[in-house]
Amino acid sequence: MRQGNHVTIKDMPDGIRPYERCLKEGPGCLNDAELLAVILRTGSVGEPSTALAARVLSMRGGLGGLSRLSAAELRQVRGIGKVKAVQIQCVSELSRRMAAAVREKGMDMRDPASVAEYYMEDMRHRHQEVLKLIMLDTKSRLLRDINISKGTVNASLVSPREIFLEALRQDAVFIILMHNHPSGDPAPSPEDIAVTKRVAQAGMLLGITLVDHIIIGDRSYISLKERGIL
């Protein structure tokens, strides 16, 4: 049945309807566009939902780029309104959280590679620099993480006071700083190094150890601890 002039999944021949195929064979039988089509349910005028889903996926090079699309960008696609844009963003966020929950079980907060892998998908897609504070207990277990600032990570803008007030609130013994480079290159800037040293010195006075500052690039990272800077 059609909703207005929009082509729904029910308009497709029985053999190619992704919803019915999923029920019969499981979601693993569907390709990326078909999976997204099941979520969207309807296409645009004269276009099935699978074709609309394929157009959305092509915007950023496939499934991996879906989470980088803002609601405004999605709504520029013919056939994507406010509701569909929200659906896509929620599916992307749910997928990110599910992946993070799986990774967390095997995460070793003492290992920079493990920490970087855990936060990679969240941090590498951001268009702005975000400074994240990761707080740990006496056994280096994760207590909480929060975003401290957005924009350029600058020594004159990052407040050690704000960082350590939050760490004290959480009874943290160790902290890790993490931020992303939207350029994709995780190489530390002079400002990154200045921020690290400033926070480390403040932590020594308060008895809260900065164990690392990790910079996230595009599928890459640099640990200032591993570089010997910290």
# chains A, B, ... in the order shown; residues from 1 in each chain; ligands from 1
call {"tool": "residues_around", "arguments": {"residues": "A:Leu168", "least_positions_apart": "4", "cutoff": "10 Å", "atoms": "only C-alpha atoms", "output": "list in words"}}
result
Met135, Ile163, Phe164, Ala172, Val173, Leu206 and Ile208 of chain A
call {"tool": "write_last_selection", "arguments": {"atoms": "C-alpha atoms", "output": "mmCIF file, in the first residue's frame"}}
result
data_model
loop_
_atom_site.group_PDB
_atom_site.id
_atom_site.type_symbol
_atom_site.label_atom_id
_atom_site.label_comp_id
_atom_site.auth_asym_id
_atom_site.auth_seq_id
_atom_site.Cartn_x
_atom_site.Cartn_y
_atom_site.Cartn_z
ATOM 1 C CA MET A 135 38.219 9.442 35.214
ATOM 2 C CA ILE A 163 39.082 19.295 35.118
ATOM 3 C CA PHE A 164 40.093 18.627 38.706
ATOM 4 C CA ALA A 172 39.014 9.869 40.690
ATOM 5 C CA VAL A 173 42.612 8.868 41.407
ATOM 6 C CA LEU A 206 46.248 17.501 44.098
ATOM 7 C CA ILE A 208 45.438 13.025 40.944
#
call {"tool": "closest_residue", "arguments": {"among": "A:Arg219, A:Arg55, A:Arg60, A:Arg68", "to": "A:Glu93", "atoms": "only C-alpha atoms"}}
result
A:Arg68
call {"tool": "residues_around", "arguments": {"residues": "A:Leu35", "least_positions_apart": "4", "cutoff": "10 Å", "atoms": "only C-alpha atoms", "output": "VMD selection string"}}
result
chain A and resid 18 to 19 22 27 to 31 39 to 40 50 53
call {"tool": "write_last_selection", "arguments": {"atoms": "N, CA and C atoms", "output": "PDB file, in the first residue's frame"}}
result
ATOM      1  N   PRO A  18      12.598  -6.426   1.786  1.00  0.00           N
ATOM      2  CA  PRO A  18      13.599  -6.706   2.827  1.00  0.00           C
ATOM      3  C   PRO A  18      12.977  -7.129   4.154  1.00  0.00           C
ATOM      4  N   TYR A  19      11.795  -6.591   4.486  1.00  0.00           N
ATOM      5  CA  TYR A  19      11.156  -6.948   5.751  1.00  0.00           C
ATOM      6  C   TYR A  19      10.830  -8.437   5.781  1.00  0.00           C
ATOM      7  N   CYS A  22      13.948 -10.586   5.901  1.00  0.00           N
ATOM      8  CA  CYS A  22      14.523 -10.574   7.244  1.00  0.00           C
ATOM      9  C   CYS A  22      13.806 -11.561   8.152  1.00  0.00           C
ATOM     10  N   PRO A  27      18.362 -10.897   9.679  1.00  0.00           N
ATOM     11  CA  PRO A  27      18.893  -9.633   9.157  1.00  0.00           C
ATOM     12  C   PRO A  27      20.224  -9.760   8.434  1.00  0.00           C
ATOM     13  N   GLY A  28      20.942 -10.853   8.687  1.00  0.00           N
ATOM     14  CA  GLY A  28      22.235 -11.037   8.020  1.00  0.00           C
ATOM     15  C   GLY A  28      22.138 -11.183   6.520  1.00  0.00           C
ATOM     16  N   CYS A  29      20.946 -11.517   6.009  1.00  0.00           N
ATOM     17  CA  CYS A  29      20.782 -11.697   4.563  1.00  0.00           C
ATOM     18  C   CYS A  29      20.619 -10.357   3.838  1.00  0.00           C
ATOM     19  N   LEU A  30      20.399  -9.274   4.582  1.00  0.00           N
ATOM     20  CA  LEU A  30      20.144  -7.970   3.962  1.00  0.00           C
ATOM     21  C   LEU A  30      21.435  -7.185   3.792  1.00  0.00           C
ATOM     22  N   ASN A  31      21.518  -6.436   2.686  1.00  0.00           N
ATOM     23  CA  ASN A  31      22.668  -5.550   2.524  1.00  0.00           C
ATOM     24  C   ASN A  31      22.411  -4.249   3.295  1.00  0.00           C
ATOM     25  N   ILE A  39      14.222   0.399   8.304  1.00  0.00           N
ATOM     26  CA  ILE A  39      14.037   1.458   9.299  1.00  0.00           C
ATOM     27  C   ILE A  39      13.213   2.610   8.709  1.00  0.00           C
ATOM     28  N   LEU A  40      13.532   2.997   7.478  1.00  0.00           N
ATOM     29  CA  LEU A  40      12.855   4.145   6.856  1.00  0.00           C
ATOM     30  C   LEU A  40      11.408   3.824   6.478  1.00  0.00           C
ATOM     31  N   THR A  50      14.407   1.208  -0.544  1.00  0.00           N
ATOM     32  CA  THR A  50      15.771   0.707  -0.737  1.00  0.00           C
ATOM     33  C   THR A  50      16.605   1.676  -1.577  1.00  0.00           C
ATOM     34  N   ALA A  53      17.385   4.652   0.626  1.00  0.00           N
ATOM     35  CA  ALA A  53      18.448   4.276   1.566  1.00  0.00           C
ATOM     36  C   ALA A  53      19.808   4.250   0.881  1.00  0.00           C
TER      37      ALA A  53
END
call {"tool": "closest_residue", "arguments": {"among": "A:Asp108, A:Ile175, A:Gly151, A:Lys82", "to": "A:Asp137", "atoms": "only C-alpha atoms"}}
result
A:Ile175
call {"tool": "residues_around", "arguments": {"residues": "A:Ile88", "least_positions_apart": "6", "cutoff": "9 Å", "atoms": "only C-alpha atoms", "output": "ChimeraX atom specification"}}
result
/A:36,39-40,66-67,71,74
call {"tool": "atom_distance", "arguments": {"atom1": "atom CA of A:Ser44", "atom2": "atom CA of A:Arg17"}}
result
16.4 Å
call {"tool": "closest_residue", "arguments": {"among": "A:Arg161, A:Lys197, A:Arg41, A:Lys139", "to": "A:Phe174", "atoms": "only C-alpha atoms"}}
result
A:Lys139
call {"tool": "residues_around", "arguments": {"residues": "A:Glu121", "least_positions_apart": "5", "cutoff": "10 Å", "atoms": "only C-alpha atoms", "output": "PyMOL selection string"}}
result
chain A and resi 64+67+96-97+99-100+116+126+216+218-219
call {"tool": "select_by_dssp", "arguments": {"residues": "stretch 83-204 of chain A", "states": "helix (DSSP H, G or I)", "output": "NGL selection string"}}
result
:A and (83-105 or 112-123 or 160-169 or 190-204)
call {"tool": "atom_distance", "arguments": {"atom1": "atom CA of A:Tyr221", "atom2": "atom CA of A:Ile134"}}
result
16.0 Å
call {"tool": "select_by_dssp", "arguments": {"residues": "stretch 4-225 of chain A", "states": "strand (DSSP E)", "output": "MDAnalysis selection string"}}
result
chainID A and resid 6:8 42:45 130:136 142:150 174:180 209:216 221:223
call {"tool": "closest_residue", "arguments": {"among": "A:Leu143, A:Val211, A:Leu131, A:Ala33", "to": "A:Gly62", "atoms": "only C-alpha atoms"}}
result
A:Ala33
call {"tool": "atom_distance", "arguments": {"atom1": "atom CA of A:Pro160", "atom2": "atom CA of A:Val199"}}
result
5.7 Å
call {"tool": "closest_residue", "arguments": {"among": "A:Ile176, A:Met59, A:Ile214, A:Val38", "to": "A:Arg21", "atoms": "only C-alpha atoms"}}
result
A:Val38
call {"tool": "closest_residue", "arguments": {"among": "A:Leu142, A:Ala202, A:Leu63, A:Leu177", "to": "A:Val130", "atoms": "only C-alpha atoms"}}
result
A:Leu177
